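Shown next, in structure tokens, is the structure this report addresses.
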Amino acid sequence: MNFTDFDFTNEVLDGLSSMGFEKCTPVQEFAIPVIMEGKDLIACAQTGTGKTAAYLLPILNNISREGHTGMHTLIIAPTRELVLQIDQQIEGFSYFTGASSLAVYGGGVGAAFDQQKSALVQGADIIVATPGRLLSHINMKYSDFSTIQTLILDEADRMLDMGFFDDIMRIIGELPVERQTLLFSATMPPKIRQMAGMILRNPEQINIAISKPAENIIQAAYMVYEGQKVQLLKELLKGKTDYKSVLIFTSRKANVNGLVRELRRMGFSADGMLSDLEQKEREEVMLRFKNRETQILVATDIVSRGIDIDNIDLVMNYDVPRDPEDYVHRIGRTARASASGVAITLISDNDMHDFRKIEELIERDIMKIPLPAGMGDGPTYNPAARRKMAPRSTSGGGRGGERRAPAKKDFRHRDRGNHQGHRKQGE
Ligand code: AMP
């Protein structure tokens with residue numbers, strides 16, 4: 001299906017063609033007509049499926065038809081990275097519609113708060129906000145949300161995981177009762193359904209969950225002891241100085257700086273991205289990576305859902321994420337839209353059990369490649385082996401694990417189909 005099949009205004013269609021978008025992705029094909037009919041919607045769709053455009057285009061179409069009527073749409077998203085990413089997409093699409101948007105997120109300096117305040121007072125067509133910062137503004141009583149027609153919750157599951165339920169409900173309390181509400185979530189655990197029951201009215205439901213990574217990602221893994229990881233990393237990247245964009249994920253903050261130092265020593269331009277950085281630094285690091293000035297970005301999970309960069313040559317999991325969903329998110333940074341990509345995971349003897357959970361979630365065994373010659377033997381893959389209780393070393397730099405506790409997620413009712421498949425499968 002093409003975007004020209006929808007009853008979009010010329011301004012929206014011009015925006016689409018300037019972005020080079022022609023064919024709809026499945027979530028767009030299903031969601032856009034529902035949203036254009038003004039219905040509430042609960043959509044199970046991950047990052048990488050085109051979900052942002054699925055909700056932005058009908059909203060921009062409404063704004064383009066109705067003209068500026070004050071604050072029209074509020075989008076709430078879990079992280080500043082995602083907020084910025086959504087705001088950038090709005091900017092791209094809305095060039096011809098003239099719709100204005102405002103990104104509201106925490107961090108930054110006091111001046112940023114004041115800027116957000118004055119923009120909130122003046123009103124923009126679309127507000128994209130993290131819950132905490134928006135609530136700080138709401139508490140100061142100068143924002144008027146009475147003209148809001150549409151509320152969008154993006155990555156609702158992550159927002160609940162981050163403990164934003166109460167904040168979201170308080171924000172919703174400020175909005176008109178008569179509104180359209182759209183809820184997008186990568187997973188549909190019972191708590192999301194519960195929240196949907198409280199805030200949506202007769203919603204249409206679509207399930208385009210891809211708990212499986214896209215087919216065009218080549219996935220492989222190495223069995224490796226913690227103490228061999230740095231050497232393996234060097235072997236894998238040796239002579240690859242022509243790589244333009246490589247993402248290395250680690251669950252441990254303490255690994256980031258050590259890895260960046262190693263990579264720089266090898267002649268790569270590398271940066272680290274972790275939650276400790278100031279907002280301005282995070283944006284600069286991101287921009288350098290996006291502009292291909294930095295070849296390798298070493299990041300913790302904080303950015304796994306917030307990076308919208310095409311053509312990443314390689315995603316490497318320096319360690320196995322405990323939460324299998326994070327694996328899908330991490331490797332989803334490569335092979336975006338229709339390009340292909342490579343994802344490599346380093347599995348230590350202590351991570352085998354977690355890796356098996358990933359293989360179960362994505363319903364396939366990932367190829368284990370023997371270690372390069374001269375590195376000696378790694379552990380044998382035996383996922384039934386129990387995790388050792390001793391704290392794990394952090395060979396990339398420093399000690400002290402920072403791993404998140406595994407998120408309590410309910411996979412029982414997950415739709416494991418790919419885009420086309422809507423098959424329900426229990427566990
Ligand atoms: P999202 O799932 O919203 O994070 O989108 C993933 C990526 O796919 C973004 O870089 C979008 O710009 C891109 N994208 C979304 N829809 C389309 C489309 N119909 N055609 C081409 N690229 C798209």
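Going by the structure tokens order, chains are called A, B, ..., each with residues numbered from 1, while ligands are numbered from 1 in the order shown.
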Legend entry - Test item, strand (DSSP E or B) assignment across segment 124-174 of chain A, answer as a ChimeraX atom specification: /A:126-129,150-153
Inset, instruction - Extract the full set of helix (DSSP H, G or I) residues from segment 78-200 of chain A according to DSSP on the backbone, and format it as number ranges by chain. - result: A: 80-93, 110-122, 131-139, 156-161, 165-173, 190-199
Legend entry - Neighbour list for segment 227-243 of chain A as a ChimeraX atom specification, cut-off 9 Å, only C-alpha atoms, skip fewer than 3 positions in-chain: /A:222,224,246,259,262-263,266-268,295-296,312-314,318,346,348,371-372,375,378,393-396
Legend entry - Env. residues ligand 1 / 6 Å / only C-alpha atoms and all ligand atoms / as a PyMOL selection string: chain A and resi 21+23-25+47-53+308+337
Let's have the selection written as a compact mmCIF listing (two decimals), in the first residue's frame, with N, CA, C and O atoms.
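The result, stored in result.txt:
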# COMPACT_ATOMS: atom_id res chain seq x y z
N PHE A 21 9.51 8.62 1.61
CA PHE A 21 8.61 7.53 2.00
C PHE A 21 7.58 7.30 0.89
O PHE A 21 6.92 8.23 0.47
N LYS A 23 6.04 3.52 0.28
CA LYS A 23 5.19 2.40 0.68
C LYS A 23 5.02 2.38 2.20
O LYS A 23 5.95 2.69 2.94
N CYS A 24 3.82 1.98 2.63
CA CYS A 24 3.56 1.89 4.07
C CYS A 24 4.18 0.63 4.64
O CYS A 24 4.24 -0.39 3.96
N THR A 25 4.59 0.71 5.88
CA THR A 25 4.94 -0.51 6.61
C THR A 25 3.62 -1.10 7.14
O THR A 25 2.59 -0.40 7.17
N THR A 47 9.79 -0.41 18.05
CA THR A 47 10.66 0.49 17.31
C THR A 47 11.20 -0.25 16.10
O THR A 47 11.53 -1.43 16.20
N GLY A 48 11.27 0.42 14.98
CA GLY A 48 11.78 -0.23 13.77
C GLY A 48 10.67 -0.65 12.83
O GLY A 48 10.91 -0.98 11.68
N THR A 49 9.42 -0.60 13.33
CA THR A 49 8.30 -1.01 12.49
C THR A 49 7.70 0.17 11.71
O THR A 49 6.83 -0.02 10.87
N GLY A 50 8.13 1.38 12.05
CA GLY A 50 7.54 2.56 11.42
C GLY A 50 6.37 3.11 12.22
O GLY A 50 5.54 3.84 11.70
N LYS A 51 6.32 2.78 13.51
CA LYS A 51 5.18 3.16 14.34
C LYS A 51 5.08 4.68 14.53
O LYS A 51 3.99 5.22 14.64
N THR A 52 6.23 5.36 14.55
CA THR A 52 6.18 6.81 14.80
C THR A 52 5.42 7.51 13.67
O THR A 52 4.52 8.31 13.92
N ALA A 53 5.79 7.17 12.44
CA ALA A 53 5.09 7.78 11.30
C ALA A 53 3.63 7.35 11.30
O ALA A 53 2.75 8.11 10.88
N ASP A 308 18.02 6.26 16.41
CA ASP A 308 17.37 6.08 15.12
C ASP A 308 18.38 6.45 14.05
O ASP A 308 18.39 7.55 13.53
N ALA A 337 14.60 -0.36 8.46
CA ALA A 337 13.82 -0.36 7.21
C ALA A 337 14.22 -1.57 6.38
O ALA A 337 14.04 -2.69 6.81
Inset, instruction - Pick out the residues sitting within 8 Å of Pro131 of chain A, and hand them over as a list in words; count only C-alpha atoms, and ignore anything fewer than 3 positions along from it in its own chain. - result: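 These residues fall inside the cut-off: Ile76, Ala77, Pro78, Leu134, Leu135, Phe164, Asp167, Ile168 and Ile171 of chain A.
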Inset, instruction - State, in Å with one decimal place, the distance from atom CA of His137 of chain A to atom CA of Gln180 of chain A. - result: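 Between these atoms lies a distance of 22.6 Å.
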Legend entry - Two-atom distance - atom CA of Asn202 of chain A, atom CA of Ala156 of chain A (Å):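 These atoms are spaced 18.2 Å apart.
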Legend entry - Neighbour list for Phe113 of chain A as a list in words, cut-off 12 Å, only C-alpha atoms, skip fewer than 3 positions in-chain: Leu102, Ala103, Val104, Tyr105, Gly106, Gly107, Gly108, Val109, Gly110, Gln116, Lys117, Ser118, Ala119, Leu120, Arg133, Leu134, Ser136, His137 and Met140 of chain A
Inset, instruction - Pick out the residues sitting within 12 Å of Asp7 of chain A, and hand them over as a ChimeraX atom specification; count only C-alpha atoms, and ignore anything fewer than 5 positions along from it in its own chain. - result: /A:2,12-13,32-33,36-37,57-58,61-62,65
Would you list the contacts of Asp319 of chain A as a PDB file with C-alpha atoms, in the first residue's frame, taking every protein, DNA or RNA residue within 8 Å and counting only C-alpha atoms, but skipping same-chain residues closer than 4 positions in sequence?
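New file around_7.pdb:
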ATOM      1  CA  PHE A 249      26.195  -2.446  23.878  1.00  0.00           C
ATOM      2  CA  THR A 250      27.146  -3.364  27.374  1.00  0.00           C
ATOM      3  CA  SER A 251      24.803  -3.812  30.302  1.00  0.00           C
ATOM      4  CA  THR A 345      26.890 -11.320  20.783  1.00  0.00           C
ATOM      5  CA  LEU A 346      29.649 -12.326  23.174  1.00  0.00           C
ATOM      6  CA  ILE A 347      28.362 -15.043  25.519  1.00  0.00           C
ATOM      7  CA  SER A 348      30.385 -15.737  28.631  1.00  0.00           C
ATOM      8  CA  ASP A 351      25.511 -15.665  30.370  1.00  0.00           C
TER       9      ASP A 351
END
